[in-house]
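Here is the file coords16.txt (compact mmCIF, C-alpha atoms).
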# COMPACT_ATOMS: atom_id res chain seq x y z
CA MET A 1481 -19.20 7.04 34.23
CA PRO A 1482 -15.45 7.77 33.99
CA ARG A 1483 -14.13 8.62 30.57
CA LEU A 1484 -11.60 6.36 28.92
CA PRO A 1485 -8.24 7.96 28.15
CA ARG A 1486 -8.22 9.43 24.66
CA ARG A 1487 -5.61 7.01 23.34
CA ALA A 1488 -7.35 3.95 24.77
CA THR A 1489 -10.60 5.13 23.20
CA LEU A 1490 -8.97 5.52 19.80
CA LEU A 1491 -7.42 2.08 19.96
CA LEU A 1492 -10.65 0.45 21.14
CA LEU A 1493 -12.68 2.09 18.39
CA GLY A 1494 -10.05 1.07 15.88
CA LEU A 1495 -10.16 -2.57 16.88
CA LEU A 1496 -13.95 -2.70 16.97
CA GLY A 1497 -14.78 -0.63 13.94
CA LEU A 1498 -12.02 -1.56 11.52
CA SER A 1499 -12.17 -5.33 11.74
CA THR A 1500 -15.41 -5.91 9.89
CA LEU A 1501 -14.11 -6.22 6.33
CA ILE A 1502 -11.49 -8.41 4.71
CA ASN A 1503 -9.88 -8.33 1.28
CA VAL A 1504 -10.90 -11.86 0.32
CA TYR A 1505 -8.81 -11.98 -2.86
CA ASP A 1506 -5.57 -11.22 -1.01
CA TYR A 1507 -6.50 -13.06 2.16
CA ARG A 1508 -6.92 -16.39 0.36
CA VAL A 1509 -3.43 -16.05 -1.09
CA PHE A 1510 -2.04 -15.15 2.35
CA ARG A 1511 -3.80 -18.12 3.92
CA ASN A 1512 -2.14 -20.36 1.35
CA TRP A 1513 1.22 -19.18 2.69
CA PHE A 1514 0.38 -20.88 5.97
CA ILE A 1515 -0.55 -24.10 4.19
CA ALA A 1516 2.65 -23.94 2.12
CA SER A 1517 4.74 -23.32 5.23
CA GLN A 1518 3.28 -26.46 6.79
CA LEU A 1519 3.92 -28.55 3.67
CA LEU A 1520 7.28 -27.19 2.54
CA GLY A 1521 8.69 -25.16 5.43
CA VAL A 1522 8.84 -21.40 5.97
CA PHE A 1523 12.07 -20.83 4.05
CA ASN A 1524 10.68 -22.67 1.01
CA LEU A 1525 7.73 -20.28 0.64
CA TYR A 1526 9.00 -18.73 -2.59
CA ALA A 1527 9.27 -22.18 -4.16
CA ALA A 1528 5.64 -22.98 -3.28
CA ALA A 1529 4.01 -21.56 -6.43
CA PRO A 1530 5.99 -23.71 -8.91
CA VAL A 1531 5.17 -26.79 -6.79
CA LEU A 1532 1.64 -26.16 -5.48
CA GLY A 1533 0.21 -23.71 -8.01
CA HIS A 1534 -0.01 -19.98 -8.77
CA GLU A 1535 -2.45 -19.36 -5.92
CA PHE A 1536 0.44 -20.10 -3.51
CA ARG A 1537 2.59 -17.29 -4.92
CA VAL A 1538 4.53 -15.03 -2.56
CA VAL A 1539 5.19 -11.67 -4.22
CA TYR A 1540 6.16 -9.81 -1.05
CA PRO A 1541 9.59 -9.61 0.62
CA PRO A 1542 10.20 -12.03 3.53
CA LEU A 1543 8.94 -9.95 6.47
CA ALA A 1544 5.42 -9.72 5.02
CA PRO A 1545 4.70 -13.47 5.03
CA LEU A 1546 6.51 -13.83 8.36
CA LEU A 1547 4.23 -11.20 9.93
CA PHE A 1548 1.12 -12.89 8.58
CA LEU A 1549 2.29 -16.38 9.52
CA ALA A 1550 3.06 -15.29 13.08
CA SER A 1551 -0.43 -13.81 13.45
CA LEU A 1552 -2.10 -16.82 11.87
CA ALA A 1553 -0.07 -19.33 13.89
CA PHE A 1554 -1.19 -17.65 17.11
CA ILE A 1555 -4.83 -17.83 16.03
CA ALA A 1556 -4.45 -21.42 14.78
CA ALA A 1557 -3.13 -22.46 18.20
CA ILE A 1558 -6.40 -21.28 19.74
CA TYR A 1559 -8.77 -22.23 16.89
CA PRO A 1560 -7.16 -25.15 14.98
CA SER A 1561 -10.08 -25.53 12.58
CA TYR A 1562 -9.97 -21.88 11.59
CA VAL A 1563 -6.95 -22.03 9.28
CA MET A 1564 -8.77 -23.87 6.50
CA SER A 1565 -11.79 -21.54 6.55
CA THR A 1566 -11.96 -19.28 3.52
CA ILE A 1567 -13.61 -16.37 5.34
CA PRO A 1568 -12.55 -15.58 8.92
CA ALA A 1569 -15.23 -14.51 11.39
CA ILE A 1570 -15.18 -10.96 12.77
CA PRO A 1571 -13.24 -11.84 15.98
CA ILE A 1572 -10.61 -13.61 13.88
CA ARG A 1573 -10.37 -10.64 11.53
CA ALA A 1574 -9.85 -8.37 14.52
CA ALA A 1575 -7.12 -10.65 15.89
CA LEU A 1576 -5.37 -10.76 12.51
CA LYS A 1577 -5.44 -7.01 12.17
CA ALA A 1578 -4.50 -6.25 15.79
CA PRO A 1579 -0.71 -6.09 15.12
CA ILE A 1580 -1.29 -3.80 12.14
CA ILE A 1581 -3.63 -1.52 14.09
CA ALA A 1582 -1.09 -1.44 16.92
CA LEU A 1583 1.61 -0.34 14.47
CA LEU A 1584 -0.75 2.31 13.10
CA TYR A 1585 -1.03 3.58 16.64
CA VAL A 1586 2.77 3.71 16.87
CA GLY A 1587 2.74 6.03 13.85
CA TYR A 1588 0.08 8.16 15.55
CA SER A 1589 2.22 8.44 18.70
CA VAL A 1590 5.37 9.32 16.76
CA LEU A 1591 3.64 12.11 14.85
CA GLU A 1592 2.04 13.40 18.04
CA ARG A 1593 5.42 13.58 19.75
CA ARG A 1594 7.50 14.86 16.83
CA VAL A 1595 5.07 17.25 15.14
CA GLY A 1596 2.01 17.63 17.34
CA PRO A 1597 -1.51 16.28 17.88
CA ASP A 1598 -2.85 17.87 14.70
CA ALA A 1599 -0.47 15.84 12.52
CA ALA A 1600 -1.31 12.66 14.42
CA LYS A 1601 -5.03 13.20 13.92
CA LEU A 1602 -4.63 14.07 10.24
CA PHE A 1603 -2.86 10.74 9.82
CA ILE A 1604 -4.94 8.30 11.83
CA PHE A 1605 -8.33 9.81 10.97
CA ASN A 1606 -7.63 10.16 7.26
CA ILE A 1607 -10.42 8.36 5.42
CA VAL A 1608 -7.92 6.57 3.17
CA VAL A 1609 -6.07 5.14 6.18
CA LEU A 1610 -9.37 4.02 7.70
CA ALA A 1611 -10.37 2.37 4.42
CA VAL A 1612 -7.05 0.54 4.03
CA ILE A 1613 -6.98 -0.75 7.62
CA ASN A 1614 -10.34 -2.34 6.86
CA VAL A 1615 -8.56 -4.82 4.61
CA TYR A 1616 -5.54 -6.86 5.63
CA SER A 1617 -2.52 -5.03 4.24
CA PHE A 1618 1.23 -4.81 4.84
CA ASP A 1619 1.37 -1.21 3.65
CA ILE A 1620 0.57 0.33 7.02
CA PRO A 1621 3.41 -1.46 8.88
CA ALA A 1622 5.77 -0.52 6.04
CA THR A 1623 4.59 3.10 6.12
CA VAL A 1624 5.08 3.35 9.88
CA ALA A 1625 8.58 1.86 9.55
CA ALA A 1626 9.31 4.44 6.83
CA LEU A 1627 8.09 7.27 9.06
CA LEU A 1628 10.33 6.10 11.91
CA ALA A 1629 13.26 5.74 9.51
CA ILE A 1630 12.98 9.31 8.25
CA TYR A 1631 12.61 10.76 11.74
CA SER A 1632 15.64 8.82 12.99
CA GLY A 1633 17.77 9.68 9.96
CA ALA A 1634 19.28 12.82 11.47
CA SER A 1635 20.27 11.22 14.77
CA SER A 1636 21.13 7.61 13.95
CA PRO A 1637 22.04 6.36 10.46
CA VAL A 1638 22.16 2.76 11.72
CA LEU A 1639 18.64 2.95 13.16
CA ALA A 1640 17.44 4.68 10.00
CA ALA A 1641 18.99 1.86 7.96
CA ALA A 1642 17.34 -0.82 10.12
CA LEU A 1643 13.93 0.82 9.80
CA THR A 1644 14.34 1.43 6.06
CA ALA A 1645 15.32 -2.21 5.64
CA THR A 1646 12.25 -3.23 7.66
CA ALA A 1647 10.00 -1.18 5.37
CA THR A 1648 11.70 -2.65 2.29
CA LEU A 1649 11.37 -6.20 3.61
CA LEU A 1650 7.64 -5.62 4.02
CA LYS A 1651 7.15 -3.88 0.67
CA GLN A 1652 9.92 -3.70 -1.90
CA SER A 1653 8.84 -0.28 -3.19
CA PHE A 1654 10.08 1.26 0.07
CA ALA A 1655 13.62 0.74 -1.18
CA LEU A 1656 12.90 4.20 -2.65
CA LEU A 1657 13.59 5.61 0.84
CA VAL A 1658 17.28 4.96 0.29
CA LEU A 1659 17.35 7.92 -2.12
CA PRO A 1660 16.23 10.77 0.20
CA LEU A 1661 18.34 9.45 3.08
CA THR A 1662 21.39 9.13 0.83
CA LEU A 1663 20.86 12.67 -0.47
CA TYR A 1664 20.48 13.94 3.08
CA TYR A 1665 23.83 12.52 4.22
CA ALA A 1666 25.59 13.41 0.96
CA THR A 1667 24.33 17.02 1.00
CA LYS A 1668 25.61 17.39 4.55
CA ARG A 1669 28.89 15.75 3.45
CA ASP A 1670 28.47 13.33 6.31
CA TRP A 1671 30.25 10.46 4.59
CA ARG A 1672 30.62 8.44 7.79
CA SER A 1673 26.85 8.39 8.35
CA LEU A 1674 26.27 7.59 4.68
CA GLY A 1675 28.66 4.65 4.91
CA LEU A 1676 27.03 3.37 8.10
CA PHE A 1677 23.59 3.70 6.54
CA ALA A 1678 24.51 1.92 3.30
CA THR A 1679 26.41 -0.88 5.05
CA SER A 1680 23.73 -1.48 7.69
CA TYR A 1681 20.87 -1.41 5.17
CA THR A 1682 22.56 -3.85 2.81
CA THR A 1683 23.61 -6.19 5.63
CA ILE A 1684 20.10 -6.40 7.10
CA ILE A 1685 18.48 -7.01 3.71
CA LEU A 1686 20.96 -9.79 2.93
CA CYS A 1687 20.71 -11.45 6.36
CA VAL A 1688 16.92 -11.66 6.24
CA THR A 1689 16.74 -12.69 2.58
CA LEU A 1690 19.61 -15.20 2.57
CA PRO A 1691 17.78 -18.15 4.24
CA PHE A 1692 14.94 -17.85 1.72
CA LEU A 1693 17.46 -17.60 -1.11
CA VAL A 1694 19.24 -20.76 0.05
CA PHE A 1695 16.12 -22.89 0.53
CA SER A 1696 13.75 -21.49 -2.13
CA GLY A 1697 16.43 -20.86 -4.74
CA PHE A 1698 17.45 -17.78 -6.70
CA THR A 1699 15.01 -18.21 -9.60
CA PRO A 1700 11.75 -18.23 -7.55
CA LEU A 1701 12.87 -15.15 -5.61
CA LEU A 1702 13.77 -13.35 -8.81
CA ASP A 1703 10.53 -14.39 -10.51
CA TYR A 1704 8.14 -13.42 -7.71
CA LEU A 1705 9.89 -10.53 -5.97
CA LEU A 1706 11.05 -8.66 -9.08
CA LEU A 1707 9.92 -10.03 -12.45
CA PHE A 1708 6.30 -10.56 -11.37
CA HIS A 1709 5.98 -6.85 -10.58
CA ALA A 1710 8.08 -5.69 -13.53
CA GLU A 1711 5.85 -7.59 -15.98
CA ARG A 1712 2.49 -6.62 -14.49
CA LEU A 1713 0.02 -4.83 -16.71
CA PRO A 1714 -1.14 -1.30 -15.83
CA GLN A 1715 -3.52 -1.39 -12.91
CA GLY A 1716 -5.86 0.90 -11.00
CA VAL A 1717 -6.34 4.54 -11.93
CA SER A 1718 -2.81 4.79 -13.34
CA ILE A 1719 -2.49 7.02 -16.40
CA TRP A 1720 -0.92 4.00 -18.11
CA MET A 1721 -4.36 2.38 -18.14
CA LEU A 1722 -5.45 4.71 -20.95
CA PRO A 1723 -3.74 2.80 -23.81
CA LEU A 1724 -4.98 -0.47 -22.34
CA LEU A 1725 -8.54 0.85 -22.19
CA LEU A 1726 -8.36 2.31 -25.70
CA SER A 1727 -7.12 -1.03 -27.05
CA GLY A 1728 -10.02 -2.93 -25.47
CA TYR A 1729 -7.80 -4.54 -22.81
CA ASN A 1730 -5.30 -5.85 -25.35
CA ILE A 1731 -2.72 -7.77 -23.30
CA LYS A 1732 0.05 -7.09 -25.83
CA VAL A 1733 -0.46 -3.34 -25.45
CA GLY A 1734 -0.26 -3.67 -21.68
CA LYS A 1735 2.97 -5.66 -21.82
CA THR A 1736 4.52 -3.15 -24.21
CA LEU A 1737 3.99 -0.44 -21.58
CA SER A 1738 5.56 -2.48 -18.79
CA SER A 1739 8.82 -0.55 -18.53
CA TYR A 1740 8.16 2.89 -20.01
CA TRP A 1741 6.63 4.27 -16.80
CA VAL A 1742 10.13 4.53 -15.31
CA ILE A 1743 11.02 7.42 -17.67
CA PRO A 1744 8.42 9.94 -16.42
CA PHE A 1745 9.02 8.74 -12.85
CA VAL A 1746 12.73 9.56 -13.02
CA ALA A 1747 12.07 12.87 -14.82
CA LEU A 1748 9.41 14.02 -12.34
CA LEU A 1749 11.50 12.96 -9.37
CA ALA A 1750 14.61 14.73 -10.69
CA ILE A 1751 12.66 17.96 -11.18
CA GLY A 1752 11.17 17.77 -7.70
CA LEU A 1753 14.42 17.03 -5.89
CA TYR A 1754 16.25 19.72 -7.85
CA ARG A 1755 13.64 22.30 -6.84
CA VAL A 1756 14.06 21.48 -3.12
CA ARG A 1757 17.83 21.02 -3.19
CA HIS A 1758 18.32 24.01 -0.86
CA VAL A 1759 16.64 22.18 2.05
CA LEU A 1760 17.95 18.66 1.51
CA ASP A 1761 20.50 18.95 4.33
CA ALA A 1762 17.84 19.78 6.95
CA PRO A 1763 15.66 17.22 8.81
CA GLU A 1764 12.50 18.89 7.48
CA GLY A 1765 14.03 18.80 4.01
CA LEU A 1766 14.44 15.05 4.40
CA GLU A 1767 10.73 14.86 5.13
CA VAL A 1768 9.92 16.91 2.02
CA ALA A 1769 12.25 14.86 -0.19
CA THR A 1770 10.70 11.61 1.05
CA THR A 1771 7.22 12.93 0.30
CA LEU A 1772 8.28 13.89 -3.23
CA VAL A 1773 9.83 10.48 -3.87
CA LEU A 1774 6.64 8.69 -2.84
CA LEU A 1775 4.39 11.12 -4.73
CA ALA A 1776 6.46 10.85 -7.91
CA PHE A 1777 6.18 7.08 -7.78
CA LEU A 1778 2.43 7.08 -7.15
CA ALA A 1779 1.82 9.72 -9.84
CA THR A 1780 3.63 7.82 -12.59
CA SER A 1781 3.56 4.14 -11.63
CA LYS A 1782 1.91 1.74 -14.07
CA VAL A 1783 0.51 -0.28 -11.13
CA LEU A 1784 -1.61 1.31 -8.43
CA ASN A 1785 -3.41 -0.33 -5.56
CA PRO A 1786 -5.68 1.13 -2.85
CA GLN A 1787 -3.20 0.07 -0.16
CA TYR A 1788 -0.36 2.06 -1.77
CA MET A 1789 -2.27 5.27 -1.11
CA VAL A 1790 -1.33 5.20 2.59
CA TRP A 1791 2.40 5.71 1.94
CA PRO A 1792 2.75 9.53 1.84
CA ILE A 1793 -0.12 10.37 4.19
CA PRO A 1794 1.88 10.69 7.47
CA PHE A 1795 4.41 12.97 5.75
CA LEU A 1796 1.69 15.10 4.16
CA ALA A 1797 -0.07 15.23 7.54
CA ALA A 1798 3.12 16.52 9.15
CA LEU A 1799 3.56 19.22 6.50
CA ALA A 1800 -0.10 20.27 6.74
CA ALA A 1801 0.02 20.44 10.55
CA ARG A 1802 3.04 22.76 10.35
CA GLY A 1803 1.03 25.17 8.23
CA LYS A 1804 2.48 23.97 4.95
CA ALA A 1805 0.92 22.04 2.07
CA ARG A 1806 -2.57 22.07 3.56
CA ARG A 1807 -4.08 22.01 0.08
CA ALA A 1808 -1.73 19.18 -0.90
CA TYR A 1809 -3.05 17.05 1.97
CA LYS A 1810 -6.66 17.63 0.90
CA LEU A 1811 -6.03 17.11 -2.80
CA TYR A 1812 -4.05 13.95 -2.14
CA THR A 1813 -6.88 12.53 -0.05
CA ILE A 1814 -9.28 13.12 -2.95
CA ALA A 1815 -6.87 11.54 -5.45
CA ALA A 1816 -6.29 8.54 -3.19
CA LEU A 1817 -10.02 8.02 -2.74
CA LEU A 1818 -10.37 7.65 -6.52
CA GLU A 1819 -8.03 4.65 -6.34
CA VAL A 1820 -9.54 3.26 -3.13
CA PHE A 1821 -13.12 3.20 -4.38
CA TYR A 1822 -12.45 2.44 -8.05
CA PRO A 1823 -12.22 -1.39 -7.63
CA VAL A 1824 -15.22 -1.38 -5.28
CA LEU A 1825 -17.36 0.35 -7.89
CA TYR A 1826 -16.12 -1.80 -10.80
CA ILE A 1827 -16.37 -5.18 -9.10
CA THR A 1828 -19.72 -4.35 -7.50
CA SER A 1829 -21.18 -3.30 -10.86
CA ALA A 1830 -19.98 -6.57 -12.43
CA ALA A 1831 -21.49 -8.53 -9.55
CA VAL A 1832 -24.83 -6.71 -9.74
CA VAL A 1833 -25.28 -7.20 -13.50
CA ALA A 1834 -23.65 -10.67 -13.39
CA LYS A 1835 -21.10 -10.04 -16.13
CA PRO A 1836 -17.34 -10.70 -16.37
CA PHE A 1837 -14.77 -8.12 -15.33
CA PHE A 1838 -11.13 -7.55 -16.25
CA LEU A 1839 -8.89 -8.72 -13.41
CA GLU A 1840 -5.86 -6.50 -13.98
CA GLU A 1841 -3.49 -8.23 -11.57
CA GLU A 1842 -3.88 -11.53 -13.42
CA ALA A 1843 -4.37 -9.96 -16.89
CA ARG A 1844 -7.52 -11.95 -17.64
CA TRP A 1845 -11.28 -11.68 -17.78
CA ALA A 1846 -12.75 -13.11 -14.59
CA PRO A 1847 -16.27 -14.59 -14.53
CA ALA A 1848 -19.22 -12.86 -12.93
CA SER A 1849 -19.26 -15.54 -10.23
CA MET A 1850 -15.90 -14.27 -8.99
CA ALA A 1851 -17.23 -10.71 -8.71
CA VAL A 1852 -20.25 -11.99 -6.81
CA GLY A 1853 -18.00 -14.01 -4.51
CA LEU A 1854 -15.73 -11.04 -3.80
CA VAL A 1855 -18.67 -8.83 -2.84
CA GLU A 1856 -20.40 -11.46 -0.71
CA ASP A 1857 -17.25 -12.72 0.99
CA SER A 1858 -15.82 -9.28 1.74
CA LEU A 1859 -18.98 -8.55 3.74
CA PRO A 1860 -19.84 -12.09 4.83
CA GLU A 1861 -22.47 -11.07 7.35
CA ILE A 1862 -24.47 -8.83 4.98
CA GLY A 1863 -22.91 -9.30 1.53
CA THR A 1864 -25.64 -11.52 0.08
CA LEU A 1865 -28.39 -9.24 1.36
CA LEU A 1866 -26.59 -6.14 0.07
CA LEU A 1867 -26.21 -7.67 -3.38
CA ALA A 1868 -29.91 -8.57 -3.45
CA VAL A 1869 -30.81 -4.96 -2.62
CA LEU A 1870 -28.47 -3.58 -5.30
CA ARG A 1871 -30.07 -5.87 -7.88
CA SER A 1872 -33.43 -4.21 -7.33
CA GLN A 1873 -34.52 -1.04 -9.08
CA PRO A 1874 -33.39 1.70 -9.36
CA PHE A 1875 -29.95 0.42 -8.27
CA TYR A 1876 -29.71 -2.24 -10.96
CA SER A 1877 -30.16 0.28 -13.78
CA LEU A 1878 -27.54 2.53 -12.23
CA PHE A 1879 -24.95 -0.24 -11.91
CA GLU A 1880 -25.78 -1.49 -15.41
CA LEU A 1881 -24.98 1.99 -16.71
CA VAL A 1882 -21.72 2.03 -14.72
CA TYR A 1883 -20.70 -1.36 -16.09
CA THR A 1884 -21.53 -0.41 -19.69
CA ALA A 1885 -19.69 2.91 -19.49
CA TRP A 1886 -16.82 1.56 -17.41
CA PRO A 1887 -13.96 2.14 -19.91
CA PHE A 1888 -14.97 5.81 -20.15
CA ILE A 1889 -15.41 6.13 -16.38
CA HIS A 1890 -12.08 4.41 -15.78
CA ALA A 1891 -10.30 6.77 -18.20
CA CYS A 1892 -11.82 9.82 -16.50
CA LEU A 1893 -10.73 8.54 -13.09
CA ALA A 1894 -7.17 8.00 -14.36
CA LEU A 1895 -6.97 11.51 -15.82
CA ALA A 1896 -8.42 13.08 -12.68
CA TYR A 1897 -6.07 11.10 -10.43
CA THR A 1898 -2.94 12.06 -12.39
CA THR A 1899 -3.95 15.73 -12.54
CA LEU A 1900 -4.53 15.85 -8.79
CA MET A 1901 -1.26 14.07 -8.06
CA LEU A 1902 0.71 16.57 -10.14
CA LEU A 1903 -0.95 19.44 -8.27
CA VAL A 1904 -0.03 17.80 -4.96
CA PHE A 1905 3.55 17.34 -6.16
CA VAL A 1906 3.85 21.05 -7.03
CA ASP A 1907 2.30 22.09 -3.71
CA VAL A 1908 4.85 20.05 -1.76
CA ILE A 1909 7.69 21.65 -3.73
CA ASN A 1910 6.27 25.07 -2.90
CA ALA A 1911 5.91 24.06 0.75
CA ALA A 1912 9.69 23.71 0.97
CA LYS A 1913 9.93 27.48 0.38
CA LEU A 1914 7.50 28.43 3.15
CA ARG A 1915 8.09 29.23 6.76
CA PRO A 1916 5.69 27.69 9.30
CA SER A 1917 3.76 30.94 9.71
CA GLU A 1918 3.12 31.42 6.01
Translate the structure described by the file into structure tokens.
Amino acid sequence: MPRLPRRATLLLLGLLGLSTLINVYDYRVFRNWFIASQLLGVFNLYAAAPVLGHEFRVVYPPLAPLLFLASLAFIAAIYPSYVMSTIPAIPIRAALKAPIIALLYVGYSVLERRVGPDAAKLFIFNIVVLAVINVYSFDIPATVAALLAIYSGASSPVLAAALTATATLLKQSFALLVLPLTLYYATKRDWRSLGLFATSYTTIILCVTLPFLVFSGFTPLLDYLLLFHAERLPQGVSIWMLPLLLSGYNIKVGKTLSSYWVIPFVALLAIGLYRVRHVLDAPEGLEVATTLVLLAFLATSKVLNPQYMVWPIPFLAALAARGKARRAYKLYTIAALLEVFYPVLYITSAAVVAKPFFLEEEARWAPASMAVGLVEDSLPEIGTLLLAVLRSQPFYSLFELVYTAWPFIHACLALAYTTLMLLVFVDVINAAKLRPSE
């Protein structure tokens, strides 16, 4: 039997193996975008929440809903009754994720060509990437766009601007990429390229955003694209969860912390960029600076999410494959796994013992029925059976202990995550001093 080409095999396995799960909480919000677009029109999406309810909120930049709507519209044309279903079947999940998996493969190909096969494998086979692709997420397309932007920065500032704008329009946090690219051009004193980059980036952002601004209005865009995120409580294994945990999930404490995280972020970033200033004018220095920007954000941000953990992986994979920052790649993977599996453990324990859990994104206590629904619906083919098994002994006692001790466990995870991230940050700084053979 002839062997399939290696790349075709990877893509086939990706489509088959990574389409089984779905992030039901996010998916139901995304599905509401389609309903809102039918009722109000695509460009009125940001005005949907005030009219139709909070569950119709759009907190992503315009390209994210457009990508999802395009995928869903294609599926709806084939299966009209599907759109209203709350849980898509496995073939539908695979179809929804196909564009994202294809873009992941683009990132694999770019790393293989620019750095080598080792970097490509370290990226696509990273357990965090495999976990995130299992849920529907815009972070992988944004990460791939960021990777392409950084690798095109030295040769084409306009292309770098277009790709940086694409990443930003999928996930607003990727506006951070403007900093390393600006430093790269400024350090080289290439003012023409810097001007082209800044002008092109701003123009693309405005052109894509303007129709939504005109139809949805300024206030909804401001509320959901900026203020919603600025006012969010600490989330995930962020170190900023510690005061919230110590206060017994006091909402006032969480809101007080909403803006202070920026101070350590700026301080850590300034230290990192200062330490690598001698390589900022080189293409590899641009790669290092980008990695430090993303790591500084993820180490200090008040809000963390499993999907965010994908962002620096291709850059760390490239550094590790060149013989630099190998330990950083491994330590980061461990740190990221703490964030990836933290909500799984917490929500599953609440579902098993049938008790409420604190839903950080909405700053409220959610009923046990919601935890049960999230577990069962995320694994619709086996979720109910799995939950029944976990409610038997000795599993029930174990999850009861986890639920009871959760504030302590959560605090330990946050401390471990932050410690690991700081070690990774230092390792990447040190990597800038190494030659490939070291």
* **range 1505-1509 of chain A surroundings by only C-alpha atoms, 9 Å radius, close-in-sequence under 5 positions cut, as a list in words** => Glu1535, Phe1536, Arg1537, Val1538, Thr1566, Ile1567, Val1615, Tyr1616, Ser1617, Leu1854 and Ser1858 of chain A
Select from range 1563-1618 of chain A every residue with an atom at most 9 Å from any atom of range 1551-1556 of chain A, then for each give the shortest pair of atoms and their distance in Å to one decimal, using only C-alpha atoms, rows by chain and rising number, as JSON lines.
{"residue": "A:Val1563", "atom": "CA", "partner": "A:Ala1556", "partner_atom": "CA", "distance": 6.1}
{"residue": "A:Ile1572", "atom": "CA", "partner": "A:Ile1555", "partner_atom": "CA", "distance": 7.5}
{"residue": "A:Ala1575", "atom": "CA", "partner": "A:Ile1555", "partner_atom": "CA", "distance": 7.5}
{"residue": "A:Leu1576", "atom": "CA", "partner": "A:Ser1551", "partner_atom": "CA", "distance": 5.9}
{"residue": "A:Lys1577", "atom": "CA", "partner": "A:Ser1551", "partner_atom": "CA", "distance": 8.5}
{"residue": "A:Ala1578", "atom": "CA", "partner": "A:Ser1551", "partner_atom": "CA", "distance": 8.9}
{"residue": "A:Pro1579", "atom": "CA", "partner": "A:Ser1551", "partner_atom": "CA", "distance": 7.9}
Given all atoms listed in the file, how would the per-residue table for range 1510-1607 of chain A near range 1787-1804 of chain A read, listing every residue at most 12 Å away with its closest atom pair and distance in Å to one decimal, sorted by chain and number, as a Markdown table?
| residue | atom | partner | partner_atom | distance |
| --- | --- | --- | --- | --- |
| A:Leu1584 | CA | A:Pro1794 | CA | 10.4 |
| A:Tyr1585 | CA | A:Pro1794 | CA | 12.0 |
| A:Val1586 | CA | A:Pro1794 | CA | 11.7 |
| A:Gly1587 | CA | A:Pro1794 | CA | 7.9 |
| A:Tyr1588 | CA | A:Pro1794 | CA | 8.7 |
| A:Ser1589 | CA | A:Pro1794 | CA | 11.5 |
| A:Val1590 | CA | A:Pro1794 | CA | 10.0 |
| A:Leu1591 | CA | A:Ala1798 | CA | 7.2 |
| A:Glu1592 | CA | A:Ala1798 | CA | 9.5 |
| A:Arg1593 | CA | A:Ala1798 | CA | 11.2 |
| A:Arg1594 | CA | A:Ala1798 | CA | 9.0 |
| A:Val1595 | CA | A:Ala1798 | CA | 6.3 |
| A:Gly1596 | CA | A:Ala1801 | CA | 7.6 |
| A:Pro1597 | CA | A:Ala1801 | CA | 8.6 |
| A:Asp1598 | CA | A:Ala1801 | CA | 5.7 |
| A:Ala1599 | CA | A:Ala1798 | CA | 5.0 |
| A:Ala1600 | CA | A:Ala1797 | CA | 7.4 |
| A:Lys1601 | CA | A:Ala1797 | CA | 8.3 |
| A:Leu1602 | CA | A:Ala1797 | CA | 5.4 |
| A:Phe1603 | CA | A:Pro1794 | CA | 5.3 |
| A:Ile1604 | CA | A:Pro1794 | CA | 8.4 |
| A:Phe1605 | CA | A:Ala1797 | CA | 10.5 |
| A:Asn1606 | CA | A:Ile1793 | CA | 8.1 |
| A:Ile1607 | CA | A:Val1790 | CA | 10.0 |
* Compare A:Gln1715, A:Ser1653, A:Thr1771, A:Asn1785 by their minimum atom-to-atom distance to Val1904 in chain A, counting all atoms listed in the file, and give me the closest one. => A:Thr1771
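What separates CA of Ala1846 in chain A from CA of Trp1720 in chain A is a distance of 21.1 Å.
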Produce a table with one row for each residue of range 1487-1599 of chain A that has an atom at most 10 Å from any atom of range 1680-1700 of chain A, each row naming the nearest atom pair and its distance in Å at one decimal; use only C-alpha atoms; arrange rows by chain and rising residue number; format as CSV.
residue,atom,partner,partner_atom,distance
A:Leu1520,CA,A:Ser1696,CA,9.8
A:Gly1521,CA,A:Phe1695,CA,9.2
A:Val1522,CA,A:Phe1692,CA,8.2
A:Phe1523,CA,A:Phe1692,CA,4.7
A:Asn1524,CA,A:Ser1696,CA,4.5
A:Leu1525,CA,A:Ser1696,CA,6.7
A:Tyr1526,CA,A:Ser1696,CA,5.5
A:Ala1527,CA,A:Ser1696,CA,5.0
A:Ala1528,CA,A:Ser1696,CA,8.3
A:Ala1529,CA,A:Pro1700,CA,8.5
A:Pro1530,CA,A:Pro1700,CA,8.1
A:Arg1537,CA,A:Pro1700,CA,9.6
A:Val1538,CA,A:Pro1700,CA,9.3
A:Val1539,CA,A:Pro1700,CA,9.9
A:Pro1541,CA,A:Thr1689,CA,8.0
A:Pro1542,CA,A:Thr1689,CA,6.6
A:Leu1543,CA,A:Val1688,CA,8.2
Would you mind exporting C-alpha atoms of the selected residues as a tab-separated table (two decimals), in the frame of the given file?
chain	number	residue	atom	x	y	z
A	1520	LEU	CA	7.28	-27.19	2.54
A	1521	GLY	CA	8.69	-25.16	5.43
A	1522	VAL	CA	8.84	-21.40	5.97
A	1523	PHE	CA	12.07	-20.83	4.05
A	1524	ASN	CA	10.68	-22.67	1.01
A	1525	LEU	CA	7.73	-20.28	0.64
A	1526	TYR	CA	9.00	-18.73	-2.59
A	1527	ALA	CA	9.27	-22.18	-4.16
A	1528	ALA	CA	5.64	-22.98	-3.28
A	1529	ALA	CA	4.01	-21.56	-6.43
A	1530	PRO	CA	5.99	-23.71	-8.91
A	1537	ARG	CA	2.59	-17.29	-4.92
A	1538	VAL	CA	4.53	-15.03	-2.56
A	1539	VAL	CA	5.19	-11.67	-4.22
A	1541	PRO	CA	9.59	-9.61	0.62
A	1542	PRO	CA	10.20	-12.03	3.53
A	1543	LEU	CA	8.94	-9.95	6.47
